[in-house]
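**Student:** This is the structure I have questions about; it appears just below.
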Amino acid sequence: MKYILRKVLIFIVTLWVAMTINFILPRMMPGNPAEALIARSKGRISAQALQSLEIAFGVNVHQNIFVQYFEYLGRTLTGNFGISITYYPSTVMYEIEIHMPWTLALIGITTVLAFAFGTILGISTAWKRESLASTISLPVSIFFNSVPYFWLALLFQYLLAFILGWFPISGAFSATGPQGIALIGSILYHAILPASTIFVTALGGWVLTMRNNMISVLSEDFVTFAYAGGLPDSVIEYNYAARNAILPNFTGFAMAIGFVVSGALLVEMVFSYPGIGYLLYQSVVNLDYPLMQALFFFITVTVLVANFIADMTYVFVDPRVRV
């Protein structure tokens, strides 16, 4: 119970600090969203409406900063994030609801697959370190883990989409407006390149991490005793070595799942994929404080929740935590 209560307290304090920073940072930037909206309107919105817009967007410069802060906390905790500047007059929640499924489907599924395949390959290459597959996989994994994913995205886009024409260059589905099964096929077809970019770059990291963990665990005394006891190799590999080696990966996987909500910002920009990462970029470019704050809040909460779940999982999978 002490362990759980400590984690809950850390979660609450971290969330409050993150929300406070989320409030302060946009207000340190030059200009404000109301002025940006008036500038974009090219005179169609009068300057007299400036104060009303500032109130609507929660950046009333004539209001006490502490009043703004507590109003911001109240709106955030009730899910009222206001109106988006970029997509005015749409609400922030409406835009997030539109873009979130694209990111969850693309980044979420790809992250889980990369972790699963990377963990299995890491176990295999560490167990059979002298094999040809293990020898080849190590430099390949190091290479792809070191390559910037946006550079690989540009390379895939240029070679496979622009030069060879095998895949669409950008977008999430065909502009011709397919329906039914054709729409699903179009979505999957457009997702191949961005998904492949994220999968390949993430896979190398999981392989290396799991391989290093396995090699470290295989040198432990309890593995030597398992060999001496005559246990089958498969039991030692998975029940003894892999089961302990995978524990540090839980935290890394929780972080990766948490950052799924933020999307692969640069990959979504390269492929003009309508996910949360692309939405975040638009909010920064357009000084869209309400949208920016909402996205940062969701990213923070997701990462904190994912790590909290990982910490709670340790209670059941690692008896040492309960000591």
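Chain labels follow the order of the structure tokens: the first chain is A, the next B, and so on; residue numbering restarts at 1 in every chain, and ligands are counted from 1 in their shown order.
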With a distance cut-off of 7 Å and only C-alpha atoms, select the neighbouring residues of region 73-86 of chain A, excluding the residue or stretch itself and same-chain residues fewer than 3 positions from it, and output the selection as number ranges by chain.
**Tutor:** A: 33, 37, 57, 69-70, 89-93, 283, 286, 288, 290-291, 294
**Student:** Produce a file of the selected residues containing N, CA, C and O atoms, as a PDB file, in the first residue's frame.
**Tutor:**
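selection_19.pdb, written as the output of this step:
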ATOM      1  N   PRO A  33      -3.502  34.535 -29.274  1.00  0.00           N
ATOM      2  CA  PRO A  33      -4.331  33.952 -30.331  1.00  0.00           C
ATOM      3  C   PRO A  33      -5.382  34.897 -30.880  1.00  0.00           C
ATOM      4  O   PRO A  33      -5.729  34.819 -32.056  1.00  0.00           O
ATOM      5  N   LEU A  37      -5.814  35.764 -34.775  1.00  0.00           N
ATOM      6  CA  LEU A  37      -7.055  35.546 -35.524  1.00  0.00           C
ATOM      7  C   LEU A  37      -7.472  36.802 -36.276  1.00  0.00           C
ATOM      8  O   LEU A  37      -7.908  36.741 -37.429  1.00  0.00           O
ATOM      9  N   PHE A  57     -10.972  32.927 -25.701  1.00  0.00           N
ATOM     10  CA  PHE A  57      -9.841  32.019 -25.818  1.00  0.00           C
ATOM     11  C   PHE A  57      -9.086  31.840 -24.511  1.00  0.00           C
ATOM     12  O   PHE A  57      -8.079  31.134 -24.460  1.00  0.00           O
ATOM     13  N   TYR A  69      -5.394  31.592 -14.209  1.00  0.00           N
ATOM     14  CA  TYR A  69      -4.844  30.265 -13.902  1.00  0.00           C
ATOM     15  C   TYR A  69      -5.911  29.338 -13.329  1.00  0.00           C
ATOM     16  O   TYR A  69      -6.049  28.190 -13.779  1.00  0.00           O
ATOM     17  N   PHE A  70      -6.703  29.822 -12.358  1.00  0.00           N
ATOM     18  CA  PHE A  70      -7.715  28.962 -11.746  1.00  0.00           C
ATOM     19  C   PHE A  70      -8.871  28.689 -12.708  1.00  0.00           C
ATOM     20  O   PHE A  70      -9.458  27.600 -12.682  1.00  0.00           O
ATOM     21  N   PRO A  89     -14.649  28.303 -36.470  1.00  0.00           N
ATOM     22  CA  PRO A  89     -15.104  28.344 -35.074  1.00  0.00           C
ATOM     23  C   PRO A  89     -15.267  26.971 -34.417  1.00  0.00           C
ATOM     24  O   PRO A  89     -16.044  26.830 -33.478  1.00  0.00           O
ATOM     25  N   SER A  90     -14.576  25.940 -34.903  1.00  0.00           N
ATOM     26  CA  SER A  90     -14.682  24.614 -34.302  1.00  0.00           C
ATOM     27  C   SER A  90     -14.088  24.609 -32.899  1.00  0.00           C
ATOM     28  O   SER A  90     -13.149  25.354 -32.606  1.00  0.00           O
ATOM     29  N   THR A  91     -14.610  23.756 -32.041  1.00  0.00           N
ATOM     30  CA  THR A  91     -14.069  23.638 -30.690  1.00  0.00           C
ATOM     31  C   THR A  91     -12.827  22.761 -30.708  1.00  0.00           C
ATOM     32  O   THR A  91     -12.608  21.965 -31.637  1.00  0.00           O
ATOM     33  N   VAL A  92     -12.024  22.914 -29.690  1.00  0.00           N
ATOM     34  CA  VAL A  92     -10.793  22.136 -29.574  1.00  0.00           C
ATOM     35  C   VAL A  92     -11.101  20.641 -29.479  1.00  0.00           C
ATOM     36  O   VAL A  92     -10.465  19.820 -30.149  1.00  0.00           O
ATOM     37  N   MET A  93     -12.076  20.276 -28.659  1.00  0.00           N
ATOM     38  CA  MET A  93     -12.410  18.867 -28.479  1.00  0.00           C
ATOM     39  C   MET A  93     -12.887  18.240 -29.787  1.00  0.00           C
ATOM     40  O   MET A  93     -12.603  17.071 -30.067  1.00  0.00           O
ATOM     41  N   SER A 283      -1.155  23.879 -34.524  1.00  0.00           N
ATOM     42  CA  SER A 283      -1.473  24.729 -33.378  1.00  0.00           C
ATOM     43  C   SER A 283      -0.304  25.641 -33.014  1.00  0.00           C
ATOM     44  O   SER A 283      -0.503  26.802 -32.641  1.00  0.00           O
ATOM     45  N   ASN A 286       0.073  28.463 -35.741  1.00  0.00           N
ATOM     46  CA  ASN A 286      -1.000  29.452 -35.732  1.00  0.00           C
ATOM     47  C   ASN A 286      -1.233  30.084 -34.357  1.00  0.00           C
ATOM     48  O   ASN A 286      -2.267  30.741 -34.159  1.00  0.00           O
ATOM     49  N   ASP A 288      -2.176  28.803 -31.690  1.00  0.00           N
ATOM     50  CA  ASP A 288      -3.477  28.315 -31.217  1.00  0.00           C
ATOM     51  C   ASP A 288      -3.318  27.822 -29.779  1.00  0.00           C
ATOM     52  O   ASP A 288      -3.165  26.624 -29.520  1.00  0.00           O
ATOM     53  N   PRO A 290      -5.426  27.512 -27.122  1.00  0.00           N
ATOM     54  CA  PRO A 290      -6.359  26.518 -26.593  1.00  0.00           C
ATOM     55  C   PRO A 290      -6.080  25.107 -27.110  1.00  0.00           C
ATOM     56  O   PRO A 290      -6.063  24.143 -26.337  1.00  0.00           O
ATOM     57  N   LEU A 291      -5.826  24.994 -28.411  1.00  0.00           N
ATOM     58  CA  LEU A 291      -5.544  23.679 -28.992  1.00  0.00           C
ATOM     59  C   LEU A 291      -4.203  23.151 -28.500  1.00  0.00           C
ATOM     60  O   LEU A 291      -4.061  21.967 -28.171  1.00  0.00           O
ATOM     61  N   ALA A 294      -4.539  21.954 -24.886  1.00  0.00           N
ATOM     62  CA  ALA A 294      -5.312  20.706 -24.810  1.00  0.00           C
ATOM     63  C   ALA A 294      -4.466  19.519 -25.243  1.00  0.00           C
ATOM     64  O   ALA A 294      -4.487  18.460 -24.597  1.00  0.00           O
TER      65      ALA A 294
END
**Student:** For the structure I just gave you, how does DSSP split region 69-200 of chain A - specifically, which residues are alpha helix (DSSP H)? Reply as a tab-separated table (two decimals) with N, CA and C atoms, in the first residue's frame.
**Tutor:**
chain	number	residue	atom	x	y	z
A	69	TYR	N	-5.39	31.59	-14.21
A	69	TYR	CA	-4.84	30.26	-13.90
A	69	TYR	C	-5.91	29.34	-13.33
A	70	PHE	N	-6.70	29.82	-12.36
A	70	PHE	CA	-7.71	28.96	-11.75
A	70	PHE	C	-8.87	28.69	-12.71
A	71	GLU	N	-9.18	29.65	-13.57
A	71	GLU	CA	-10.19	29.40	-14.60
A	71	GLU	C	-9.68	28.34	-15.59
A	72	TYR	N	-8.40	28.43	-15.90
A	72	TYR	CA	-7.79	27.44	-16.79
A	72	TYR	C	-7.85	26.04	-16.17
A	73	LEU	N	-7.52	25.92	-14.89
A	73	LEU	CA	-7.59	24.63	-14.21
A	73	LEU	C	-9.01	24.08	-14.23
A	74	GLY	N	-9.98	24.95	-13.96
A	74	GLY	CA	-11.38	24.50	-13.94
A	74	GLY	C	-11.83	24.03	-15.31
A	75	ARG	N	-11.48	24.78	-16.36
A	75	ARG	CA	-11.88	24.38	-17.71
A	75	ARG	C	-11.20	23.08	-18.12
A	76	THR	N	-9.93	22.95	-17.78
A	76	THR	CA	-9.18	21.76	-18.17
A	76	THR	C	-9.73	20.50	-17.51
A	77	LEU	N	-10.00	20.58	-16.22
A	77	LEU	CA	-10.49	19.41	-15.49
A	77	LEU	C	-11.91	19.02	-15.88
A	92	VAL	N	-12.02	22.91	-29.69
A	92	VAL	CA	-10.79	22.14	-29.57
A	92	VAL	C	-11.10	20.64	-29.48
A	93	MET	N	-12.08	20.28	-28.66
A	93	MET	CA	-12.41	18.87	-28.48
A	93	MET	C	-12.89	18.24	-29.79
A	94	TYR	N	-13.61	19.00	-30.58
A	94	TYR	CA	-14.10	18.47	-31.87
A	94	TYR	C	-12.92	18.12	-32.78
A	95	GLU	N	-11.93	18.99	-32.84
A	95	GLU	CA	-10.77	18.74	-33.69
A	95	GLU	C	-9.94	17.57	-33.17
A	96	ILE	N	-9.80	17.46	-31.86
A	96	ILE	CA	-9.06	16.34	-31.29
A	96	ILE	C	-9.77	15.02	-31.56
A	97	GLU	N	-11.09	15.03	-31.43
A	97	GLU	CA	-11.86	13.81	-31.70
A	97	GLU	C	-11.73	13.37	-33.15
A	98	ILE	N	-11.56	14.32	-34.06
A	98	ILE	CA	-11.41	13.99	-35.48
A	98	ILE	C	-10.03	13.40	-35.77
A	99	HIS	N	-9.00	14.01	-35.19
A	99	HIS	CA	-7.63	13.62	-35.52
A	99	HIS	C	-7.10	12.46	-34.67
A	100	MET	N	-7.62	12.28	-33.45
A	100	MET	CA	-7.09	11.26	-32.55
A	100	MET	C	-7.16	9.84	-33.11
A	101	PRO	N	-8.28	9.41	-33.73
A	101	PRO	CA	-8.33	8.03	-34.23
A	101	PRO	C	-7.25	7.70	-35.24
A	102	TRP	N	-6.87	8.67	-36.07
A	102	TRP	CA	-5.82	8.41	-37.06
A	102	TRP	C	-4.49	8.09	-36.38
A	103	THR	N	-4.16	8.86	-35.34
A	103	THR	CA	-2.91	8.63	-34.63
A	103	THR	C	-2.94	7.32	-33.85
A	109	ILE	N	-0.94	0.89	-33.14
A	109	ILE	CA	-0.75	-0.48	-33.64
A	109	ILE	C	0.71	-0.72	-34.01
A	110	THR	N	1.34	0.27	-34.65
A	110	THR	CA	2.74	0.12	-35.05
A	110	THR	C	3.66	-0.02	-33.85
A	111	THR	N	3.40	0.74	-32.78
A	111	THR	CA	4.22	0.67	-31.58
A	111	THR	C	4.12	-0.70	-30.91
A	112	VAL	N	2.90	-1.22	-30.81
A	112	VAL	CA	2.71	-2.53	-30.20
A	112	VAL	C	3.39	-3.62	-31.02
A	113	LEU	N	3.25	-3.56	-32.35
A	113	LEU	CA	3.87	-4.57	-33.22
A	113	LEU	C	5.40	-4.48	-33.13
A	114	ALA	N	5.94	-3.26	-33.13
A	114	ALA	CA	7.40	-3.10	-33.04
A	114	ALA	C	7.92	-3.66	-31.72
A	115	PHE	N	7.20	-3.40	-30.62
A	115	PHE	CA	7.63	-3.92	-29.32
A	115	PHE	C	7.57	-5.45	-29.30
A	116	ALA	N	6.49	-6.03	-29.83
A	116	ALA	CA	6.34	-7.48	-29.80
A	116	ALA	C	7.42	-8.16	-30.64
A	117	PHE	N	7.58	-7.72	-31.89
A	117	PHE	CA	8.58	-8.33	-32.76
A	117	PHE	C	9.99	-8.04	-32.27
A	118	GLY	N	10.24	-6.83	-31.78
A	118	GLY	CA	11.57	-6.49	-31.28
A	118	GLY	C	11.95	-7.31	-30.06
A	119	THR	N	10.98	-7.54	-29.18
A	119	THR	CA	11.25	-8.35	-27.98
A	119	THR	C	11.57	-9.79	-28.35
A	120	ILE	N	10.78	-10.36	-29.25
A	120	ILE	CA	11.02	-11.75	-29.68
A	120	ILE	C	12.37	-11.89	-30.37
A	121	LEU	N	12.69	-10.94	-31.26
A	121	LEU	CA	13.98	-10.99	-31.95
A	121	LEU	C	15.14	-10.78	-30.97
A	122	GLY	N	14.94	-9.89	-30.01
A	122	GLY	CA	15.98	-9.66	-29.01
A	122	GLY	C	16.27	-10.89	-28.19
A	123	ILE	N	15.22	-11.61	-27.80
A	123	ILE	CA	15.39	-12.86	-27.04
A	123	ILE	C	16.15	-13.88	-27.87
A	124	SER	N	15.74	-14.01	-29.13
A	124	SER	CA	16.34	-15.02	-30.01
A	124	SER	C	17.80	-14.72	-30.31
A	125	THR	N	18.12	-13.45	-30.61
A	125	THR	CA	19.50	-13.11	-30.95
A	125	THR	C	20.44	-13.18	-29.75
A	126	ALA	N	19.91	-12.94	-28.55
A	126	ALA	CA	20.74	-13.06	-27.34
A	126	ALA	C	20.97	-14.52	-26.97
A	127	TRP	N	19.96	-15.34	-27.19
A	127	TRP	CA	20.07	-16.77	-26.84
A	127	TRP	C	21.03	-17.49	-27.78
A	132	LEU	N	24.24	-16.92	-37.43
A	132	LEU	CA	24.37	-15.94	-38.51
A	132	LEU	C	23.29	-14.86	-38.38
A	133	ALA	N	22.07	-15.27	-38.01
A	133	ALA	CA	20.98	-14.31	-37.87
A	133	ALA	C	21.29	-13.28	-36.79
A	134	SER	N	21.87	-13.72	-35.69
A	134	SER	CA	22.22	-12.81	-34.60
A	134	SER	C	23.33	-11.86	-35.03
A	135	THR	N	24.30	-12.38	-35.77
A	135	THR	CA	25.42	-11.56	-36.23
A	135	THR	C	24.95	-10.46	-37.18
A	136	ILE	N	24.01	-10.80	-38.06
A	136	ILE	CA	23.51	-9.82	-39.02
A	136	ILE	C	22.57	-8.82	-38.36
A	137	SER	N	21.72	-9.31	-37.45
A	137	SER	CA	20.69	-8.46	-36.86
A	137	SER	C	21.27	-7.34	-35.99
A	138	LEU	N	22.44	-7.57	-35.39
A	138	LEU	CA	23.01	-6.56	-34.50
A	138	LEU	C	23.38	-5.27	-35.23
A	139	PRO	N	24.20	-5.31	-36.30
A	139	PRO	CA	24.51	-4.04	-36.99
A	139	PRO	C	23.29	-3.43	-37.68
A	140	VAL	N	22.39	-4.28	-38.18
A	140	VAL	CA	21.18	-3.76	-38.82
A	140	VAL	C	20.32	-3.02	-37.81
A	141	SER	N	20.18	-3.58	-36.61
A	141	SER	CA	19.38	-2.94	-35.56
A	141	SER	C	20.02	-1.63	-35.11
A	142	ILE	N	21.35	-1.63	-34.98
A	142	ILE	CA	22.05	-0.40	-34.58
A	142	ILE	C	21.85	0.68	-35.64
A	143	PHE	N	21.91	0.30	-36.90
A	143	PHE	CA	21.75	1.26	-37.99
A	143	PHE	C	20.36	1.91	-37.96
A	144	PHE	N	19.32	1.07	-37.93
A	144	PHE	CA	17.97	1.61	-37.98
A	144	PHE	C	17.59	2.34	-36.69
A	145	ASN	N	18.18	1.92	-35.57
A	145	ASN	CA	17.93	2.64	-34.33
A	145	ASN	C	18.58	4.02	-34.32
A	146	SER	N	19.65	4.17	-35.11
A	146	SER	CA	20.38	5.44	-35.15
A	146	SER	C	19.84	6.39	-36.22
A	149	TYR	N	13.96	9.02	-37.82
A	149	TYR	CA	12.79	8.44	-38.49
A	149	TYR	C	12.21	9.37	-39.56
A	150	PHE	N	12.39	10.69	-39.39
A	150	PHE	CA	11.88	11.59	-40.43
A	150	PHE	C	12.73	11.51	-41.69
A	151	TRP	N	14.06	11.23	-41.53
A	151	TRP	CA	14.93	11.05	-42.69
A	151	TRP	C	14.53	9.80	-43.46
A	152	LEU	N	14.26	8.72	-42.72
A	152	LEU	CA	13.81	7.49	-43.37
A	152	LEU	C	12.46	7.70	-44.04
A	153	ALA	N	11.59	8.50	-43.42
A	153	ALA	CA	10.29	8.81	-44.01
A	153	ALA	C	10.47	9.54	-45.35
A	154	LEU	N	11.37	10.51	-45.38
A	154	LEU	CA	11.64	11.23	-46.63
A	154	LEU	C	12.22	10.31	-47.69
A	155	LEU	N	13.10	9.39	-47.27
A	155	LEU	CA	13.71	8.44	-48.20
A	155	LEU	C	12.65	7.51	-48.79
A	156	PHE	N	11.79	6.95	-47.94
A	156	PHE	CA	10.71	6.09	-48.40
A	156	PHE	C	9.78	6.84	-49.34
A	181	ILE	N	-15.73	-0.91	-48.25
A	181	ILE	CA	-14.49	-1.69	-48.28
A	181	ILE	C	-13.40	-0.93	-49.01
A	182	ALA	N	-13.78	-0.20	-50.06
A	182	ALA	CA	-12.79	0.57	-50.81
A	182	ALA	C	-12.13	1.63	-49.94
A	183	LEU	N	-12.90	2.24	-49.04
A	183	LEU	CA	-12.35	3.25	-48.13
A	183	LEU	C	-11.36	2.63	-47.16
A	184	ILE	N	-11.70	1.46	-46.61
A	184	ILE	CA	-10.79	0.76	-45.70
A	184	ILE	C	-9.49	0.40	-46.41
A	185	GLY	N	-9.62	-0.09	-47.64
A	185	GLY	CA	-8.43	-0.43	-48.41
A	185	GLY	C	-7.57	0.79	-48.71
A	186	SER	N	-8.21	1.92	-49.00
A	186	SER	CA	-7.49	3.15	-49.26
A	186	SER	C	-6.75	3.64	-48.02
A	187	ILE	N	-7.40	3.55	-46.86
A	187	ILE	CA	-6.77	3.96	-45.60
A	187	ILE	C	-5.55	3.10	-45.30
A	188	LEU	N	-5.68	1.79	-45.45
A	188	LEU	CA	-4.56	0.88	-45.20
A	188	LEU	C	-3.42	1.13	-46.18
A	189	TYR	N	-3.78	1.38	-47.43
A	189	TYR	CA	-2.78	1.62	-48.48
A	189	TYR	C	-1.98	2.89	-48.19
A	190	HIS	N	-2.66	3.95	-47.76
A	190	HIS	CA	-1.98	5.20	-47.45
A	190	HIS	C	-1.16	5.12	-46.16
A	191	ALA	N	-1.50	4.16	-45.29
A	191	ALA	CA	-0.80	4.05	-44.00
A	191	ALA	C	0.47	3.21	-44.09
A	192	ILE	N	0.69	2.53	-45.21
A	192	ILE	CA	1.83	1.61	-45.31
A	192	ILE	C	3.16	2.32	-45.11
A	193	LEU	N	3.39	3.41	-45.84
A	193	LEU	CA	4.69	4.10	-45.74
A	193	LEU	C	4.94	4.72	-44.36
A	194	PRO	N	4.01	5.53	-43.82
A	194	PRO	CA	4.28	6.06	-42.47
A	194	PRO	C	4.41	4.98	-41.41
A	195	ALA	N	3.59	3.92	-41.52
A	195	ALA	CA	3.68	2.84	-40.54
A	195	ALA	C	5.00	2.10	-40.66
A	196	SER	N	5.45	1.87	-41.88
A	196	SER	CA	6.72	1.17	-42.09
A	196	SER	C	7.89	1.98	-41.53
A	197	THR	N	7.83	3.29	-41.72
A	197	THR	CA	8.90	4.15	-41.20
A	197	THR	C	9.00	4.03	-39.68
A	198	ILE	N	7.87	4.14	-39.01
A	198	ILE	CA	7.86	4.08	-37.54
A	198	ILE	C	8.25	2.68	-37.05
A	199	PHE	N	7.73	1.65	-37.73
A	199	PHE	CA	7.99	0.27	-37.31
A	199	PHE	C	9.48	-0.06	-37.42
A	200	VAL	N	10.08	0.26	-38.54
A	200	VAL	CA	11.48	-0.11	-38.78
A	200	VAL	C	12.41	0.60	-37.80
**Student:** Find the residue from A:Ile257, A:Ile309, A:Met210, A:Leu25 that sits nearest to Gly108 (chain A); use only C-alpha atoms when measuring.
**Tutor:** A:Ile257
**Student:** Compile the contact shell of Pro26 (chain A) as number ranges by chain: residues with an atom at most 8 Å away, counting only C-alpha atoms, same-chain residues fewer than 3 positions apart removed.
**Tutor:** A: 22-23, 29, 289, 293
**Student:** What does the file look like for those residues with N, CA and C atoms, as a PDB file, in the first residue's frame?
**Tutor:**
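File again-v5.pdb, as written:
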ATOM      1  N   ASN A  22       2.048  24.029 -18.556  1.00  0.00           N
ATOM      2  CA  ASN A  22       1.221  24.135 -19.759  1.00  0.00           C
ATOM      3  C   ASN A  22       0.495  25.480 -19.814  1.00  0.00           C
ATOM      4  N   PHE A  23       0.172  26.024 -18.662  1.00  0.00           N
ATOM      5  CA  PHE A  23      -0.481  27.342 -18.591  1.00  0.00           C
ATOM      6  C   PHE A  23       0.526  28.470 -18.844  1.00  0.00           C
ATOM      7  N   MET A  29       5.074  33.250 -24.924  1.00  0.00           N
ATOM      8  CA  MET A  29       5.314  33.443 -26.354  1.00  0.00           C
ATOM      9  C   MET A  29       4.811  34.820 -26.780  1.00  0.00           C
ATOM     10  N   TYR A 289      -3.350  28.749 -28.814  1.00  0.00           N
ATOM     11  CA  TYR A 289      -3.143  28.416 -27.412  1.00  0.00           C
ATOM     12  C   TYR A 289      -4.122  27.352 -26.896  1.00  0.00           C
ATOM     13  N   GLN A 293      -2.636  23.844 -25.652  1.00  0.00           N
ATOM     14  CA  GLN A 293      -2.738  23.445 -24.252  1.00  0.00           C
ATOM     15  C   GLN A 293      -3.484  22.130 -24.103  1.00  0.00           C
TER      16      GLN A 293
END
**Student:** Looking at only C-alpha atoms, which of A:Asn249, A:Glu220, A:Ala105, A:Val270 is the one that sits closest to Leu208 (chain A)?
**Tutor:**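 Closest residue, counting only C-alpha atoms: A:Asn249.
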**Student:** Between CA of Leu15 (chain A) and CA of Ala306 (chain A), measure the distance and give it in Å to one decimal.
**Tutor:** 12.9 Å
